[in-house]
$ cat entry-v2.cif   # mmCIF, C-alpha atoms and all ligand atoms
data_structure
#
loop_
_atom_site.label_atom_id
_atom_site.label_comp_id
_atom_site.auth_asym_id
_atom_site.auth_seq_id
_atom_site.Cartn_x
_atom_site.Cartn_y
_atom_site.Cartn_z
CA MET A 125 32.43 20.81 198.43
CA THR A 126 34.26 18.95 195.69
CA ALA A 127 37.04 20.72 193.84
CA PRO A 128 36.76 20.77 190.05
CA GLU A 129 39.21 18.70 188.04
CA ILE A 130 41.13 21.27 186.00
CA THR A 131 43.35 20.37 183.04
CA HIS A 132 45.10 22.97 180.89
CA LEU A 133 44.93 21.50 177.37
CA ASP A 134 47.15 24.46 176.45
CA GLU A 135 47.76 27.87 178.00
CA ALA A 136 44.51 29.27 176.58
CA THR A 137 42.29 26.17 176.69
CA VAL A 138 41.08 24.79 180.00
CA GLN A 139 39.09 21.61 180.60
CA ILE A 140 37.04 21.62 183.80
CA ARG A 141 35.26 18.50 184.94
CA GLN A 142 32.50 18.60 187.47
CA PRO A 143 33.49 15.80 189.88
CA LYS A 144 31.42 12.63 190.05
CA ALA A 145 31.13 13.16 193.80
CA SER A 146 29.10 16.35 193.17
CA HIS A 147 26.87 14.92 190.43
CA TRP A 148 26.98 11.52 188.72
CA GLU A 149 26.69 13.12 185.26
CA ALA A 150 30.13 14.71 185.85
CA PRO A 151 29.93 16.91 182.74
CA PHE A 152 33.04 18.34 181.12
CA ILE A 153 33.12 22.13 180.75
CA PHE A 154 35.61 24.08 178.64
CA LEU A 155 37.01 27.59 178.92
CA LEU A 156 38.66 29.09 175.82
CA PHE A 157 40.60 32.34 176.05
CA GLY A 158 41.01 34.85 173.22
CA ARG A 159 42.40 38.38 173.24
CA ASP A 160 39.00 40.06 173.83
CA ARG A 161 36.84 37.41 175.45
CA ALA A 162 36.69 33.99 176.98
CA LEU A 163 34.12 31.41 175.97
CA LEU A 164 32.74 29.07 178.62
CA LEU A 165 31.15 26.00 177.06
CA ASP A 166 28.44 24.83 179.45
CA SER A 167 27.85 25.69 183.08
CA GLY A 168 27.52 22.28 184.72
CA ALA A 169 24.87 20.40 186.65
CA THR A 170 24.38 22.63 189.69
CA ASN A 171 24.04 26.31 190.62
CA ASP A 172 25.27 25.64 194.16
CA GLU A 173 28.83 26.86 194.63
CA ALA A 174 28.97 24.82 197.84
CA VAL A 175 28.48 21.66 195.75
CA PHE A 176 30.68 22.60 192.78
CA PRO A 177 32.33 26.04 192.73
CA LEU A 178 32.24 26.79 189.00
CA ARG A 179 31.91 30.58 189.34
CA GLY A 180 34.88 30.76 191.70
CA THR A 181 36.90 28.47 189.44
CA VAL A 182 36.17 30.51 186.31
CA ASP A 183 36.82 33.81 188.10
CA GLY A 184 40.18 32.48 189.26
CA LEU A 185 41.15 31.27 185.79
CA VAL A 186 40.09 34.58 184.18
CA ALA A 187 42.01 36.60 186.79
CA LYS A 188 45.11 34.51 186.14
CA TRP A 189 44.74 34.96 182.38
CA LEU A 190 44.28 38.74 182.70
CA LYS A 191 47.40 39.02 184.82
CA ASN A 192 49.41 37.78 181.86
CA HIS A 193 47.18 39.33 179.16
CA PRO A 194 45.77 42.60 180.57
CA ASN A 195 42.61 43.82 178.82
CA PRO A 196 40.19 46.14 180.70
CA GLY A 197 37.28 45.35 178.35
CA PHE A 198 37.70 41.59 178.60
CA GLU A 199 34.38 39.77 178.42
CA LEU A 200 33.13 36.32 179.43
CA VAL A 201 30.58 34.60 177.20
CA VAL A 202 28.73 31.63 178.67
CA ALA A 203 27.36 29.42 175.88
CA HIS A 204 26.11 25.86 175.73
CA THR A 205 26.62 22.73 173.68
CA HIS A 206 22.92 22.09 174.33
CA THR A 207 20.34 23.00 176.91
CA HIS A 208 19.79 19.89 179.01
CA GLY A 209 19.92 20.57 182.73
CA ASP A 210 23.37 19.15 183.41
CA HIS A 211 24.89 21.67 180.97
CA ILE A 212 23.05 24.87 181.94
CA ALA A 213 22.27 24.59 185.65
CA GLY A 214 25.17 26.87 186.59
CA ASP A 215 23.97 29.78 184.41
CA PRO A 216 22.53 31.75 187.38
CA LEU A 217 26.04 31.90 188.87
CA PHE A 218 27.06 34.17 185.98
CA THR A 219 24.03 36.43 185.41
CA ASP A 220 25.29 39.10 187.82
CA ARG A 221 28.95 38.81 186.82
CA PRO A 222 30.38 42.03 185.33
CA HIS A 223 31.50 41.97 181.67
CA THR A 224 29.56 38.75 181.13
CA ARG A 225 27.02 37.58 178.56
CA VAL A 226 25.04 34.41 179.17
CA VAL A 227 23.61 33.06 175.91
CA GLY A 228 19.92 32.16 176.27
CA THR A 229 18.87 28.54 175.94
CA THR A 230 15.95 28.61 173.51
CA LEU A 231 16.54 27.82 169.85
CA ASP A 232 15.65 31.42 168.92
CA GLU A 233 18.12 32.82 171.43
CA VAL A 234 20.91 30.51 170.26
CA ARG A 235 20.28 31.35 166.58
CA THR A 236 20.06 35.10 167.24
CA ASN A 237 23.09 35.24 169.53
CA PHE A 238 25.44 33.58 167.07
CA GLY A 239 23.78 34.95 163.93
CA PHE A 240 22.59 31.79 162.22
CA VAL A 241 21.07 32.84 158.90
CA ASN A 242 19.97 29.29 158.12
CA TRP A 243 19.34 26.68 160.77
CA PRO A 244 20.83 24.19 161.19
CA ASP A 245 22.80 24.06 157.92
CA PHE A 246 25.10 26.91 158.73
CA VAL A 247 28.49 27.60 160.29
CA VAL A 248 29.04 30.90 162.08
CA PRO A 249 32.51 32.18 162.97
CA PHE A 250 32.64 33.55 166.52
CA ASP A 251 35.77 35.60 167.21
CA LEU A 252 37.29 35.62 170.69
CA GLY A 253 40.01 38.02 169.47
CA ASP A 254 42.80 36.38 167.46
CA ARG A 255 40.98 33.11 168.02
CA VAL A 256 38.01 32.05 165.91
CA VAL A 257 35.57 29.37 166.97
CA ASP A 258 33.16 28.04 164.34
CA VAL A 259 29.64 27.43 165.64
CA ILE A 260 27.90 24.61 163.76
CA GLY A 261 24.19 23.74 163.97
CA GLY A 262 23.84 20.40 165.76
CA PRO A 263 20.24 19.41 166.62
CA GLY A 264 19.18 15.78 167.10
CA HIS A 265 20.12 15.09 170.71
CA GLN A 266 18.40 18.35 171.63
CA GLU A 267 16.79 20.93 169.35
CA SER A 268 19.10 23.88 170.05
CA ALA A 269 22.35 21.89 170.25
CA VAL A 270 25.42 23.37 168.55
CA VAL A 271 28.95 22.08 168.00
CA PHE A 272 31.97 24.34 168.43
CA PHE A 273 35.18 24.03 166.42
CA ASP A 274 38.20 25.86 167.77
CA ARG A 275 40.43 26.61 164.80
CA THR A 276 43.40 27.29 167.09
CA SER A 277 43.53 23.98 168.94
CA GLY A 278 41.77 21.86 166.30
CA ILE A 279 39.27 20.61 168.88
CA LEU A 280 35.66 19.91 167.91
CA PHE A 281 33.50 20.28 171.04
CA THR A 282 30.62 17.89 170.44
CA GLY A 283 28.71 17.99 173.74
CA ASP A 284 26.44 14.97 174.15
CA THR A 285 26.06 14.48 170.38
CA VAL A 286 29.30 12.50 170.16
CA CYS A 287 31.03 11.41 173.37
CA PRO A 288 32.30 8.14 174.87
CA GLY A 289 28.91 7.32 176.35
CA HIS A 290 25.26 6.96 175.46
CA LEU A 291 24.32 9.01 172.41
CA TYR A 292 20.66 9.75 173.03
CA VAL A 293 18.93 10.34 169.71
CA ARG A 294 15.70 12.30 170.21
CA ASP A 295 15.18 13.24 166.54
CA THR A 296 16.70 10.70 164.19
CA ALA A 297 16.49 12.73 160.97
CA ALA A 298 18.02 15.79 162.63
CA PHE A 299 20.73 13.69 164.32
CA VAL A 300 21.71 12.00 161.04
CA ALA A 301 21.83 15.38 159.29
CA THR A 302 24.02 16.76 162.08
CA ILE A 303 26.52 13.90 161.84
CA GLU A 304 26.63 14.35 158.05
CA ARG A 305 27.12 18.11 158.55
CA LEU A 306 30.03 17.42 160.91
CA ILE A 307 31.59 14.95 158.46
CA SER A 308 31.39 17.53 155.64
CA PHE A 309 32.82 20.19 157.93
CA ARG A 310 35.65 17.90 159.05
CA ASP A 311 36.51 16.95 155.47
CA ALA A 312 36.48 20.59 154.34
CA GLN A 313 39.01 21.41 157.07
CA ARG A 314 41.56 19.04 155.47
CA GLY A 315 42.98 17.61 158.66
CA ALA A 316 42.57 20.71 160.86
CA VAL A 317 40.03 18.88 163.04
CA ARG A 318 42.45 17.03 165.29
CA THR A 319 40.22 15.60 167.99
CA LEU A 320 36.68 15.47 169.37
CA LEU A 321 35.88 16.31 172.97
CA GLY A 322 32.37 15.56 174.19
CA ALA A 323 30.77 16.34 177.52
CA HIS A 324 30.65 13.00 179.35
CA ILE A 325 32.53 9.74 179.84
CA GLU A 326 30.19 6.80 180.41
CA MET A 327 32.16 3.96 178.77
CA SER A 328 34.67 1.72 180.50
CA THR A 329 37.98 0.73 178.94
CA THR A 330 36.34 -2.57 177.93
CA PRO A 331 34.95 -2.04 174.40
CA GLY A 332 31.16 -1.81 174.33
CA VAL A 333 30.78 -1.87 178.12
CA PRO A 334 29.30 1.27 179.72
CA TYR A 335 28.93 2.32 183.29
CA PRO A 336 25.20 2.45 183.95
CA PRO A 337 23.56 5.88 184.43
CA GLY A 338 23.93 6.95 188.06
CA THR A 339 27.43 5.48 188.49
CA VAL A 340 29.61 7.61 190.76
CA GLU A 341 32.83 5.55 190.75
CA GLN A 342 34.39 4.95 187.33
CA PRO A 343 37.88 3.60 188.00
CA ASP A 344 38.31 2.19 184.47
CA GLU A 345 36.66 4.86 182.38
CA THR A 346 37.79 5.35 178.79
CA PRO A 347 39.50 8.63 177.78
CA LEU A 348 37.30 11.56 176.73
CA ALA A 349 39.02 12.32 173.43
CA MET A 350 37.76 10.62 170.27
CA PRO A 351 39.36 10.68 166.82
CA PRO A 352 37.67 12.64 164.00
CA ARG A 353 37.05 9.40 162.07
CA ILE A 354 34.59 8.30 164.78
CA LEU A 355 32.03 10.47 162.96
CA ASP A 356 31.98 7.99 160.06
CA ASP A 357 31.37 5.16 162.51
CA VAL A 358 28.50 7.05 164.17
CA ARG A 359 26.92 7.71 160.77
CA GLU A 360 27.04 3.98 159.96
CA ALA A 361 25.69 3.00 163.36
CA LEU A 362 22.69 5.28 162.89
CA ASP A 363 21.54 2.96 160.08
CA LEU A 364 21.53 -0.10 162.35
CA PRO A 365 18.10 -1.43 163.36
CA GLY A 366 16.82 -1.46 166.93
CA VAL A 367 16.62 0.91 169.85
CA ARG A 368 20.24 0.40 170.96
CA ALA A 369 23.37 0.07 168.86
CA VAL A 370 26.37 -0.93 170.97
CA ARG A 371 29.72 0.10 169.53
CA ASP A 372 33.18 -0.16 171.07
CA ARG A 373 33.39 3.46 172.20
CA TYR A 374 29.74 4.55 172.48
CA ILE A 375 26.16 3.32 172.49
CA ILE A 376 23.42 4.84 170.37
CA VAL A 377 20.06 4.96 172.14
CA ARG A 378 16.98 6.02 170.19
CA GLN A 379 14.40 7.81 172.29
ZN ZN A 401 24.78 15.81 179.29
#
$ encode --input "entry-v2.cif" --output "C-alpha cells"
Amino acid sequence: MTAPEITHLDEATVQIRQPKASHWEAPFIFLLFGRDRALLLDSGATNDEAVFPLRGTVDGLVAKWLKNHPNPGFELVVAHTHTHGDHIAGDPLFTDRPHTRVVGTTLDEVRTNFGFVNWPDFVVPFDLGDRVVDVIGGPGHQESAVVFFDRTSGILFTGDTVCPGHLYVRDTAAFVATIERLISFRDAQRGAVRTLLGAHIEMSTTPGVPYPPGTVEQPDETPLAMPPRILDDVREALDLPGVRAVRDRYIIVRQ
C-alpha cells in the first residue's frame, strides 16, 4: 500500500495526490470543506484501498474536520473534473458511505446534478455552506468535463484541461470555447482567480521537456500550480498548426 501525499493548502482545502508508486498517472485529488458539506474533486485511478486508500484518507480528514466543526447533517459530495478512468475509478469506494452523494459521470447526470440550464456556456454556484464553488462547463478534453472555481481560496481546479502536462484535445472547437470561457470568467473575477491547479504533473523543470507517459519516477517535476495568465498562452497555442504544440509548461496534443 502506498500512503497518499496530503497537503493542506489551508485548513479547509486539502490536496491529495495518488502516489506514482500506486499508478503512474498519479492524479491530484482535492477535498474542500464548507459548513454543510465537503466536496471531493475526483476519486483517483483505483478502487482498491490496498493500492491507494482514498476512502480511509477522506474518512479520516472528514472526521478531523467534524471534530473542530461539529455538524450532524454533514454531507460528502464526490464530483469529477471529468470522467476519464484515472479520475473516477475510486467512486465505488463511496457509494455505500453514509451522508454521501456521488455525482454520476454522464453528461446528463453532470448537467442535472449541478443544474446547468445551458451547456456548456453556463456557470452554476454550488454552495458548501459559507463557501461557494462556481461550476463552469468545460468540454473539449472530455465531453462532460467541468472546471471548479473556489471563491474562498481563489483556486481554479482545471482537471486535465489545463495542467503542467499533455493537454489532450479531443474536440478542438469545444476545447477552444472552454479556454475562452475560462478567460472571460477569470477576467470578470477581477483578480480573484489566484491560481490554477490541474490534475497531473507530467512536465520536468526543463521548459518544454515532459516525462513520457508511464513514467513512475519524476525527480525533477515542475510544480502543479499555474498562473491565471497561462490561459491566454493556451488559447494562442491552440491556433498553432500540427498535432503537437510544445510550450514551456505544457504540450498540446490533438487527438
Ligand atoms: Zn487524467
$ residues_near_ligand --input "entry-v2.cif" --ligand "ligand ZN 401 (chain A)" --cutoff "12 Å" --atoms "only C-alpha atoms and all ligand atoms" --output "number ranges by chain"
A: 142, 147-153, 166-169, 204-213, 265-266, 269, 282-292, 322-326, 337
$ closest_residue --input "entry-v2.cif" --among "A:Asp160, A:Asp356, A:Asp295, A:Asp172" --to "Asp251 of chain A" --atoms "all atoms listed in the file"
A:Asp160
$ atom_distance --input "entry-v2.cif" --atom1 "atom CA of Phe309 of chain A" --atom2 "atom CA of Thr131 of chain A"
27.2 Å
$ atom_distance --input "entry-v2.cif" --atom1 "atom CA of Pro263 of chain A" --atom2 "atom CA of Gly228 of chain A"
16.0 Å
$ residues_around --input "entry-v2.cif" --residues "Val293 of chain A" --least-positions-apart "5" --cutoff "8 Å" --atoms "all atoms listed in the file" --output "list in words"
Gly264, His265, Phe299, Ile376, Val377, Arg378 and Gln379 of chain A
$ write_last_selection --input "entry-v2.cif" --atoms "C-alpha atoms" --output "short mmCIF file (atom, residue, chain, number, x, y, z; two decimals), in the coordinates of the input"
data_model
loop_
_atom_site.label_atom_id
_atom_site.label_comp_id
_atom_site.auth_asym_id
_atom_site.auth_seq_id
_atom_site.Cartn_x
_atom_site.Cartn_y
_atom_site.Cartn_z
CA GLY A 264 19.18 15.78 167.10
CA HIS A 265 20.12 15.09 170.71
CA PHE A 299 20.73 13.69 164.32
CA ILE A 376 23.42 4.84 170.37
CA VAL A 377 20.06 4.96 172.14
CA ARG A 378 16.98 6.02 170.19
CA GLN A 379 14.40 7.81 172.29
#
$ closest_residue --input "entry-v2.cif" --among "A:Val317, A:Leu156, A:Val138, A:Ser268" --to "Thr230 of chain A" --atoms "only C-alpha atoms"
A:Ser268
$ atom_distance --input "entry-v2.cif" --atom1 "atom CA of Thr296 of chain A" --atom2 "atom CA of Arg359 of chain A"
11.2 Å
$ closest_residue --input "entry-v2.cif" --among "A:Ala316, A:Val333, A:Val248, A:Met327" --to "Thr346 of chain A" --atoms "all atoms listed in the file"
A:Met327
$ closest_residue --input "entry-v2.cif" --among "A:Gly158, A:Val271, A:Pro177, A:Thr170" --to "Ala127 of chain A" --atoms "all atoms listed in the file"
A:Pro177
$ residues_near_point --input "entry-v2.cif" --point "(39.1, 25.2, 179.7)" --cutoff "10 Å" --atoms "all atoms listed in the file" --output "PyMOL selection string"
chain A and resi 130-141+152-157+162-165+182+185
$ residues_around --input "entry-v2.cif" --residues "Asn171 of chain A" --least-positions-apart "4" --cutoff "8 Å" --atoms "only C-alpha atoms" --output "PyMOL selection string"
chain A and resi 176+213-217
$ residues_around --input "entry-v2.cif" --residues "Thr329 of chain A" --least-positions-apart "3" --cutoff "9 Å" --atoms "all atoms listed in the file" --output "number ranges by chain"
A: 332-334, 344-347, 373
$ closest_residue --input "entry-v2.cif" --among "A:Phe281, A:Phe273, A:Phe198, A:Tyr374" --to "Pro222 of chain A" --atoms "all atoms listed in the file"
A:Phe198
$ closest_residue --input "entry-v2.cif" --among "A:Pro343, A:Pro351, A:Gly184, A:Gly197" --to "Leu320 of chain A" --atoms "all atoms listed in the file"
A:Pro351
$ build_atoms --input "entry-v2.cif" --residues "segment 130-164 of chain A" --atoms "N, CA and C atoms" --output "PDB file, in the frame of the given file"
ATOM      1  N   ILE A 130      40.720  20.285 187.004  1.00  0.00           N
ATOM      2  CA  ILE A 130      41.130  21.270 186.000  1.00  0.00           C
ATOM      3  C   ILE A 130      42.339  20.773 185.225  1.00  0.00           C
ATOM      4  N   THR A 131      42.236  20.771 183.899  1.00  0.00           N
ATOM      5  CA  THR A 131      43.350  20.370 183.040  1.00  0.00           C
ATOM      6  C   THR A 131      43.579  21.474 182.012  1.00  0.00           C
ATOM      7  N   HIS A 132      44.775  22.017 181.955  1.00  0.00           N
ATOM      8  CA  HIS A 132      45.100  22.970 180.890  1.00  0.00           C
ATOM      9  C   HIS A 132      45.487  22.188 179.640  1.00  0.00           C
ATOM     10  N   LEU A 133      44.615  22.201 178.625  1.00  0.00           N
ATOM     11  CA  LEU A 133      44.930  21.500 177.370  1.00  0.00           C
ATOM     12  C   LEU A 133      46.024  22.260 176.643  1.00  0.00           C
ATOM     13  N   ASP A 134      46.028  23.587 176.807  1.00  0.00           N
ATOM     14  CA  ASP A 134      47.150  24.460 176.450  1.00  0.00           C
ATOM     15  C   ASP A 134      46.966  25.704 177.296  1.00  0.00           C
ATOM     16  N   GLU A 135      47.833  26.706 177.110  1.00  0.00           N
ATOM     17  CA  GLU A 135      47.760  27.870 178.000  1.00  0.00           C
ATOM     18  C   GLU A 135      46.398  28.554 177.946  1.00  0.00           C
ATOM     19  N   ALA A 136      45.742  28.510 176.788  1.00  0.00           N
ATOM     20  CA  ALA A 136      44.510  29.270 176.580  1.00  0.00           C
ATOM     21  C   ALA A 136      43.271  28.387 176.487  1.00  0.00           C
ATOM     22  N   THR A 137      43.411  27.118 176.806  1.00  0.00           N
ATOM     23  CA  THR A 137      42.290  26.170 176.690  1.00  0.00           C
ATOM     24  C   THR A 137      42.237  25.317 177.951  1.00  0.00           C
ATOM     25  N   VAL A 138      41.161  25.485 178.714  1.00  0.00           N
ATOM     26  CA  VAL A 138      41.080  24.790 180.000  1.00  0.00           C
ATOM     27  C   VAL A 138      39.885  23.832 179.995  1.00  0.00           C
ATOM     28  N   GLN A 139      40.147  22.615 180.430  1.00  0.00           N
ATOM     29  CA  GLN A 139      39.090  21.610 180.600  1.00  0.00           C
ATOM     30  C   GLN A 139      38.778  21.526 182.090  1.00  0.00           C
ATOM     31  N   ILE A 140      37.485  21.674 182.403  1.00  0.00           N
ATOM     32  CA  ILE A 140      37.040  21.620 183.800  1.00  0.00           C
ATOM     33  C   ILE A 140      36.031  20.482 183.891  1.00  0.00           C
ATOM     34  N   ARG A 141      36.268  19.550 184.783  1.00  0.00           N
ATOM     35  CA  ARG A 141      35.260  18.500 184.940  1.00  0.00           C
ATOM     36  C   ARG A 141      34.569  18.649 186.289  1.00  0.00           C
ATOM     37  N   GLN A 142      33.242  18.632 186.222  1.00  0.00           N
ATOM     38  CA  GLN A 142      32.500  18.600 187.470  1.00  0.00           C
ATOM     39  C   GLN A 142      32.685  17.209 188.075  1.00  0.00           C
ATOM     40  N   PRO A 143      33.174  17.114 189.329  1.00  0.00           N
ATOM     41  CA  PRO A 143      33.490  15.800 189.880  1.00  0.00           C
ATOM     42  C   PRO A 143      32.247  14.916 190.042  1.00  0.00           C
ATOM     43  N   LYS A 144      32.466  13.629 189.848  1.00  0.00           N
ATOM     44  CA  LYS A 144      31.420  12.630 190.050  1.00  0.00           C
ATOM     45  C   LYS A 144      30.785  12.751 191.432  1.00  0.00           C
ATOM     46  N   ALA A 145      31.627  13.094 192.421  1.00  0.00           N
ATOM     47  CA  ALA A 145      31.130  13.160 193.800  1.00  0.00           C
ATOM     48  C   ALA A 145      30.074  14.264 193.956  1.00  0.00           C
ATOM     49  N   SER A 146      30.080  15.263 193.067  1.00  0.00           N
ATOM     50  CA  SER A 146      29.100  16.350 193.170  1.00  0.00           C
ATOM     51  C   SER A 146      27.860  16.084 192.333  1.00  0.00           C
ATOM     52  N   HIS A 147      28.002  15.264 191.296  1.00  0.00           N
ATOM     53  CA  HIS A 147      26.870  14.920 190.430  1.00  0.00           C
ATOM     54  C   HIS A 147      27.307  13.781 189.522  1.00  0.00           C
ATOM     55  N   TRP A 148      26.528  12.710 189.466  1.00  0.00           N
ATOM     56  CA  TRP A 148      26.980  11.520 188.720  1.00  0.00           C
ATOM     57  C   TRP A 148      27.184  11.795 187.226  1.00  0.00           C
ATOM     58  N   GLU A 149      26.513  12.818 186.691  1.00  0.00           N
ATOM     59  CA  GLU A 149      26.690  13.120 185.260  1.00  0.00           C
ATOM     60  C   GLU A 149      28.112  13.611 184.967  1.00  0.00           C
ATOM     61  N   ALA A 150      28.740  14.246 185.962  1.00  0.00           N
ATOM     62  CA  ALA A 150      30.130  14.710 185.850  1.00  0.00           C
ATOM     63  C   ALA A 150      30.456  15.311 184.483  1.00  0.00           C
ATOM     64  N   PRO A 151      29.694  16.343 184.069  1.00  0.00           N
ATOM     65  CA  PRO A 151      29.930  16.910 182.740  1.00  0.00           C
ATOM     66  C   PRO A 151      31.292  17.595 182.624  1.00  0.00           C
ATOM     67  N   PHE A 152      31.830  17.583 181.431  1.00  0.00           N
ATOM     68  CA  PHE A 152      33.040  18.340 181.120  1.00  0.00           C
ATOM     69  C   PHE A 152      32.617  19.730 180.624  1.00  0.00           C
ATOM     70  N   ILE A 153      33.375  20.719 181.059  1.00  0.00           N
ATOM     71  CA  ILE A 153      33.120  22.130 180.750  1.00  0.00           C
ATOM     72  C   ILE A 153      34.438  22.656 180.186  1.00  0.00           C
ATOM     73  N   PHE A 154      34.362  23.569 179.233  1.00  0.00           N
ATOM     74  CA  PHE A 154      35.610  24.080 178.640  1.00  0.00           C
ATOM     75  C   PHE A 154      35.629  25.601 178.678  1.00  0.00           C
ATOM     76  N   LEU A 155      36.820  26.143 178.877  1.00  0.00           N
ATOM     77  CA  LEU A 155      37.010  27.590 178.920  1.00  0.00           C
ATOM     78  C   LEU A 155      38.112  27.947 177.928  1.00  0.00           C
ATOM     79  N   LEU A 156      37.725  28.730 176.906  1.00  0.00           N
ATOM     80  CA  LEU A 156      38.660  29.090 175.820  1.00  0.00           C
ATOM     81  C   LEU A 156      38.957  30.585 175.909  1.00  0.00           C
ATOM     82  N   PHE A 157      40.224  30.939 175.950  1.00  0.00           N
ATOM     83  CA  PHE A 157      40.600  32.340 176.050  1.00  0.00           C
ATOM     84  C   PHE A 157      41.051  32.890 174.698  1.00  0.00           C
ATOM     85  N   GLY A 158      40.502  34.073 174.350  1.00  0.00           N
ATOM     86  CA  GLY A 158      41.010  34.850 173.220  1.00  0.00           C
ATOM     87  C   GLY A 158      41.492  36.189 173.738  1.00  0.00           C
ATOM     88  N   ARG A 159      41.874  37.084 172.807  1.00  0.00           N
ATOM     89  CA  ARG A 159      42.400  38.380 173.240  1.00  0.00           C
ATOM     90  C   ARG A 159      41.306  39.230 173.904  1.00  0.00           C
ATOM     91  N   ASP A 160      40.066  39.162 173.374  1.00  0.00           N
ATOM     92  CA  ASP A 160      39.000  40.060 173.830  1.00  0.00           C
ATOM     93  C   ASP A 160      37.970  39.406 174.742  1.00  0.00           C
ATOM     94  N   ARG A 161      37.853  38.081 174.644  1.00  0.00           N
ATOM     95  CA  ARG A 161      36.840  37.410 175.450  1.00  0.00           C
ATOM     96  C   ARG A 161      37.207  35.967 175.681  1.00  0.00           C
ATOM     97  N   ALA A 162      36.579  35.427 176.716  1.00  0.00           N
ATOM     98  CA  ALA A 162      36.690  33.990 176.980  1.00  0.00           C
ATOM     99  C   ALA A 162      35.335  33.364 176.725  1.00  0.00           C
ATOM    100  N   LEU A 163      35.358  32.145 176.260  1.00  0.00           N
ATOM    101  CA  LEU A 163      34.120  31.410 175.970  1.00  0.00           C
ATOM    102  C   LEU A 163      34.044  30.218 176.913  1.00  0.00           C
ATOM    103  N   LEU A 164      32.980  30.208 177.734  1.00  0.00           N
ATOM    104  CA  LEU A 164      32.740  29.070 178.620  1.00  0.00           C
ATOM    105  C   LEU A 164      31.705  28.180 177.956  1.00  0.00           C
TER     106      LEU A 164
END
